[in-house]
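Asker: mmCIF, C-alpha atoms, file final-v4.cif:
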data_model
loop_
_atom_site.label_atom_id
_atom_site.label_comp_id
_atom_site.auth_asym_id
_atom_site.auth_seq_id
_atom_site.Cartn_x
_atom_site.Cartn_y
_atom_site.Cartn_z
CA GLN B 44 22.19 23.40 122.12
CA ASN B 45 22.43 26.06 119.42
CA HIS B 46 22.79 23.59 116.53
CA GLY B 47 21.89 19.92 116.31
CA ILE B 48 23.84 19.58 113.04
CA HIS B 49 25.83 22.44 111.52
CA ALA B 50 27.02 21.45 108.04
CA ASN B 51 29.56 24.03 106.88
CA ASN B 52 31.62 23.92 103.65
CA ILE B 53 30.80 20.32 102.79
CA GLY B 54 30.89 18.90 99.25
CA SER B 55 28.84 15.80 100.00
CA ALA B 56 27.46 14.35 103.25
CA GLU B 57 24.75 12.00 104.50
CA PHE B 58 23.01 12.32 107.87
CA ARG B 59 21.01 9.17 108.59
CA GLY B 60 18.80 8.25 111.53
CA GLY B 61 18.30 9.67 114.99
CA VAL B 62 16.32 12.39 116.76
CA ILE B 63 17.33 16.06 116.88
CA GLN B 64 15.41 18.17 119.36
CA ASP B 65 15.50 21.27 121.55
CA ASN B 66 18.06 23.14 119.46
CA GLN B 67 17.83 26.75 118.34
CA TRP B 68 18.54 25.48 114.82
CA GLY B 69 18.01 21.75 114.31
CA VAL B 70 19.93 21.29 111.04
CA TYR B 71 21.81 24.29 109.64
CA ILE B 72 23.27 23.94 106.14
CA GLU B 73 25.87 26.52 105.14
CA ARG B 74 28.17 26.60 102.09
CA SER B 75 27.37 22.93 101.50
CA ASP B 76 26.06 20.95 98.52
CA GLY B 77 25.05 17.32 98.06
CA ILE B 78 23.38 16.92 101.47
CA LEU B 79 21.16 13.94 102.33
CA ILE B 80 18.96 13.82 105.47
CA GLU B 81 17.24 10.48 105.91
CA ASN B 82 15.23 8.60 108.56
CA MET B 83 15.31 11.43 111.09
CA GLN B 84 12.98 13.20 113.51
CA ILE B 85 13.56 16.92 114.01
CA LYS B 86 11.74 18.39 116.99
CA GLY B 87 11.47 21.95 118.28
CA TYR B 88 11.09 23.16 121.87
CA THR B 89 9.66 20.23 123.82
CA ASP B 90 7.77 20.55 127.09
CA LEU B 91 10.45 18.66 129.02
CA ILE B 92 13.29 21.02 128.13
CA LYS B 93 11.09 24.08 128.64
CA ASP B 94 10.26 22.95 132.18
CA ILE B 95 13.97 22.44 132.92
CA THR B 96 15.34 25.67 131.43
CA ILE B 97 12.67 28.32 132.06
CA PRO B 98 12.93 28.47 135.90
CA SER B 99 16.68 29.16 135.85
CA ASN B 100 16.55 31.20 132.62
CA ARG B 101 19.69 29.37 131.52
CA LEU B 102 20.17 27.60 128.19
CA LYS B 103 16.57 28.21 127.15
CA LEU B 104 15.84 28.64 123.47
CA CYS B 105 15.43 32.13 121.98
CA ARG B 106 17.29 33.69 124.89
CA THR B 107 18.45 36.35 122.45
CA GLN B 108 15.43 38.19 121.09
CA ASP B 109 16.48 38.28 117.43
CA TRP B 110 17.21 34.54 117.20
CA ARG B 111 14.93 32.53 114.94
CA HIS B 112 13.84 29.04 115.89
CA GLU B 113 14.17 26.71 112.88
CA GLY B 114 14.14 22.97 112.35
CA LEU B 115 15.98 23.04 109.03
CA THR B 116 17.79 26.07 107.67
CA MET B 117 18.65 25.34 104.05
CA MET B 118 20.62 27.16 101.41
CA ASN B 119 19.17 29.04 98.46
CA THR B 120 21.99 28.84 95.90
CA ARG B 121 24.65 26.27 95.20
CA TRP B 122 28.04 26.84 96.71
CA ARG B 123 30.08 24.90 94.13
CA TYR B 124 29.91 25.35 90.38
CA GLY B 125 31.81 23.99 87.41
CA GLU B 126 33.83 20.81 87.92
CA HIS B 127 33.11 20.85 91.65
CA ASP B 128 29.32 20.93 91.23
CA ASN B 129 27.84 17.56 92.23
CA GLY B 130 24.41 18.50 90.87
CA ASN B 131 22.53 18.24 94.15
CA GLY B 132 21.48 20.64 96.85
CA LEU B 133 19.41 19.00 99.57
CA ARG B 134 17.68 15.62 99.54
CA MET B 135 15.38 14.55 102.37
CA LYS B 136 13.74 11.15 102.80
CA ASN B 137 11.62 9.85 105.69
CA VAL B 138 11.95 12.98 107.84
CA THR B 139 9.41 14.29 110.36
CA PHE B 140 9.28 17.83 111.82
CA SER B 141 7.26 18.61 114.95
CA ASP B 142 7.03 20.83 118.06
CA TYR B 143 7.80 24.10 116.28
CA ASP B 144 4.33 25.38 117.11
CA LYS B 145 4.68 25.29 120.90
CA ASN B 146 6.69 26.96 123.67
CA THR B 147 7.91 29.64 121.29
CA ASP B 148 6.47 32.84 122.82
CA GLY B 149 9.95 34.36 123.21
CA CYS B 150 11.08 33.63 119.65
CA VAL B 151 10.93 36.19 116.86
CA SER B 152 9.71 33.32 114.64
CA SER B 153 9.51 29.53 114.71
CA TRP B 154 9.44 27.49 111.51
CA PRO B 155 9.95 23.80 110.71
CA ILE B 156 11.87 24.79 107.55
CA ALA B 157 13.37 28.13 106.53
CA MET B 158 16.01 29.53 104.22
CA MET B 159 19.28 31.07 105.26
CA ASN B 160 20.02 34.72 104.53
CA HIS B 161 23.31 34.41 102.67
CA LYS B 162 23.19 35.46 99.03
CA TYR B 163 26.24 33.74 97.63
CA HIS B 164 25.63 34.56 93.98
CA ASP B 165 22.32 36.25 93.15
CA THR B 166 18.68 36.05 94.18
CA HIS B 167 17.70 33.17 91.91
CA PHE B 168 17.10 29.86 93.62
CA ASP B 169 19.19 27.04 92.15
CA TYR B 170 19.74 24.75 95.14
CA VAL B 171 18.40 21.64 93.39
CA SER B 172 16.40 19.82 96.07
CA SER B 173 13.99 16.90 96.39
CA TRP B 174 11.99 15.55 99.31
CA GLU B 175 10.28 12.21 99.80
CA ASN B 176 8.03 11.07 102.65
CA VAL B 177 8.52 14.30 104.58
CA GLU B 178 5.93 14.97 107.29
CA ILE B 179 5.45 18.33 108.99
CA VAL B 180 3.24 18.47 112.10
CA ASP B 181 2.28 22.05 112.90
CA SER B 182 -1.08 23.27 114.24
CA ARG B 183 -0.55 26.70 112.62
CA GLY B 184 -0.12 25.22 109.17
CA TYR B 185 3.46 26.46 109.03
CA MET B 186 5.83 24.42 106.89
CA PHE B 187 8.32 26.46 104.85
CA ASP B 188 8.98 30.15 105.45
CA GLY B 189 8.60 31.29 101.86
CA CYS B 190 7.52 34.73 103.09
CA GLY B 191 10.86 35.31 104.74
CA ALA B 192 12.68 33.96 101.69
CA SER B 193 10.98 36.46 99.39
CA GLN B 194 10.48 39.49 101.63
CA ARG B 195 13.76 39.43 103.52
CA TRP B 196 16.17 37.71 101.16
CA GLY B 197 14.61 38.36 97.74
CA PHE B 198 14.06 34.75 96.59
CA ASP B 199 10.73 34.37 94.79
CA ASP B 200 11.49 31.48 92.40
CA ILE B 201 11.90 28.53 94.76
CA VAL B 202 11.20 25.03 93.41
CA ILE B 203 11.46 21.94 95.60
CA ASN B 204 10.50 18.56 94.15
CA ASP B 205 8.12 16.47 96.24
CA LEU B 206 8.78 13.02 94.81
CA ASP B 207 5.83 11.16 96.34
CA GLY B 208 3.24 13.85 97.07
CA SER B 209 3.65 13.58 100.83
CA LEU B 210 3.31 17.36 101.27
CA ASP B 211 0.03 17.56 99.29
CA PRO B 212 -2.22 19.89 101.36
CA THR B 213 -5.42 18.39 99.94
CA ASP B 214 -5.94 14.63 99.99
CA GLY B 215 -2.40 13.36 99.57
CA SER B 216 -3.04 11.79 96.16
CA ALA B 217 -1.20 14.29 93.99
CA GLY B 218 1.78 12.05 93.30
CA PRO B 219 5.06 13.67 92.24
CA SER B 220 4.63 17.44 92.55
CA ALA B 221 6.51 20.58 93.48
CA LEU B 222 6.55 23.14 96.26
CA VAL B 223 7.09 26.57 94.68
CA SER B 224 7.06 30.25 95.56
CA ASN B 225 3.46 31.45 95.41
CA PHE B 226 3.84 34.05 92.68
CA PRO B 227 2.15 34.09 89.25
CA HIS B 228 5.44 33.72 87.39
CA MET B 229 5.89 30.39 89.19
CA THR B 230 2.37 28.95 89.40
CA LYS B 231 1.61 29.67 85.73
CA ILE B 232 4.35 27.23 84.76
CA PHE B 233 2.08 24.52 86.18
CA GLY B 234 -1.03 25.88 84.49
CA ASP B 235 -2.14 27.42 87.78
CA LYS B 236 -2.99 23.93 89.03
CA CYS B 237 -1.69 24.83 92.44
CA THR B 238 -2.93 24.99 96.03
CA ALA B 239 -1.65 27.87 98.14
CA TYR B 240 -0.18 27.20 101.54
CA ALA B 241 -1.72 29.95 103.68
CA ASP B 242 0.83 32.08 105.59
CA ASN B 243 3.75 30.29 103.94
CA CYS B 244 3.96 32.28 100.66
CA MET B 245 4.33 28.91 98.95
CA ALA B 246 2.11 26.87 96.64
CA TYR B 247 1.82 23.16 95.94
CA CYS B 248 1.68 22.38 92.23
#
As structure tokens, how would this structure be written, given the file I've shared?
Answerer:
Amino acid sequence: QNHGIHANNIGSAEFRGGVIQDNQWGVYIERSDGILIENMQIKGYTDLIKDITIPSNRLKLCRTQDWRHEGLTMMNTRWRYGEHDNGNGLRMKNVTFSDYDKNTDGCVSSWPIAMMNHKYHDTHFDYVSSWENVEIVDSRGYMFDGCGASQRWGFDDIVINDLDGSLDPTDGSAGPSALVSNFPHMTKIFGDKCTAYADNCMAYC
């Protein structure tokens, strides 16, 4: 129940299809490059599991107070360089995140997507990543915990390619764009043609 998928020390892997739900961490990527997640639903704490686990207080999520509830925990820097570098960090295609905005009163935080805390090399983001047809359903407007990435871990230069504009917070017609850390040194690269994601510390450019 802790992890739906825990990818650790992998050079290349593809996870295709299925539903992951009611895990403390849905997909946790650690020391791994060249990861593909495709045609998958990732769900948080559903009503059914809450009703089963709360009365007995056993196996419920966030049973340890400092645990974070996250759908996808991704890396910030590549693990392999040189001849072992495959040139890719994380690719996602046709993935939906939901239910991270409910039943989370006991969690220190609950995010569809967040970044892990390991600093393998330095605090410059280089985990080359692209997403396509990714949908995030969250009534709070939470999507990617860029605040935690910058304030806790020191990463303020995140760039994630949105290949089809599916994460466009306006009308969805942006086309290929990028999700970046919401700091002037990042948004100015795009001529400040960016829309801030409130409470995410991220901007869509």
Asker: Which is closer to B:Asn146 than all the others in B:Glu175, B:Tyr88, B:Asp165, B:Ser193, using only C-alpha atoms?
Answerer: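 With only C-alpha atoms as the atom set, the closest residue is B:Tyr88.
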Asker: Find the residues of stretch 80-124 of chain B that sit at most 12 Å from stretch 199-207 of chain B; for each, write down the nearest two atoms and how far apart they are in Å, to one decimal. Count only C-alpha atoms. Sort by chain, then by number going up, and give it as a tab-separated table.
Answerer:
residue	atom	partner	partner_atom	distance
B:Met117	CA	B:Ile203	CA	11.6
B:Met118	CA	B:Ile201	CA	11.1
B:Asn119	CA	B:Ile201	CA	8.2
B:Thr120	CA	B:Ile201	CA	10.2
Asker: For a quick check of understanding, using only C-alpha atoms, which of B:Val70, B:Cys150, B:Cys105, B:Val171 has the smallest distance to B:Asn131?
Answerer: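 Among the listed residues, B:Val171 lies closest to B:Asn131.
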Asker: Looking at all atoms listed in the file, which of B:Ser220, B:Asn66, B:Gln84, B:Ser152 is the one that sits closest to B:Thr139?
Answerer: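 The closest residue to B:Thr139 is B:Gln84.
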Asker: How far is it from atom CA of B:Asn243 to atom CA of B:Ser224, in Å with one decimal?
Answerer: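 These two atoms are separated by 9.0 Å.
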Asker: So how far away is atom CA of B:Arg195 from atom CA of B:Leu133, in Å?
Answerer: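 It comes out at 21.6 Å.
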Asker: From the list B:Ile232, B:Ala239, B:Ile78, B:Met245, which residue is nearest B:Ser172 when using all atoms listed in the file?
Answerer: B:Ile78
Asker: Using all atoms listed in the file, pick whichever of B:Trp174, B:Tyr185, B:Tyr71, B:Trp196 has the shortest atom-to-atom distance to B:Asp242.
Answerer: B:Tyr185
Asker: Closest to B:Glu113 among B:Val138, B:Cys237, B:Met186, B:Ala50, using all atoms listed in the file?
Answerer: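 Using all atoms listed in the file, B:Glu113 sits closest to B:Met186.
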Asker: Identify all residues satisfying the PyMOL selection byres ((chain B and resi 212) around 12) in the given file; provide them as a list of chain:residue names.
Answerer: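 Given this file, the PyMOL selection byres ((chain B and resi 212) around 12) evaluates to B:Glu178, B:Ile179, B:Gly184, B:Tyr185, B:Met186, B:Gly208, B:Ser209, B:Leu210, B:Asp211, B:Thr213, B:Asp214, B:Gly215, B:Ser216, B:Ala217, B:Gly218, B:Ser220, B:Ala221, B:Leu222, B:Cys237, B:Thr238, B:Ala239, B:Tyr240, B:Ala241, B:Met245, B:Ala246, B:Tyr247, B:Cys248.
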Asker: Neighbours of B:Gly69 within 6 Å (only C-alpha atoms; same-chain residues fewer than 2 positions away dropped), as a list in words?
Answerer: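 Those residues are His46, Gly47, Asn66, Gly114 and Leu115 of chain B.
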Asker: Atom CA of B:Asp235 to atom CA of B:Arg134: how many Å, to one decimal?
Answerer: 25.9 Å
Asker: Which residues fall under the PyMOL selection byres ((chain B and resi 151) around 7) in this file, as a ChimeraX atom specification?
Answerer: /B:108-111,149-150,152
Asker: Could those residues be written to a file, using C-alpha atoms, as a short mmCIF file (atom, residue, chain, number, x, y, z; two decimals), in the coordinates of the input?
Answerer:
data_model
loop_
_atom_site.label_atom_id
_atom_site.label_comp_id
_atom_site.auth_asym_id
_atom_site.auth_seq_id
_atom_site.Cartn_x
_atom_site.Cartn_y
_atom_site.Cartn_z
CA GLN B 108 15.43 38.19 121.09
CA ASP B 109 16.48 38.28 117.43
CA TRP B 110 17.21 34.54 117.20
CA ARG B 111 14.93 32.53 114.94
CA GLY B 149 9.95 34.36 123.21
CA CYS B 150 11.08 33.63 119.65
CA SER B 152 9.71 33.32 114.64
#
Asker: Using the chain letters and numbers from the file, which residues does the PyMOL selection byres ((chain B and resi 157) around 7) grab, as an MDAnalysis selection string?
Answerer: chainID B and resid 113 115:117 154:156 158:159 187:188
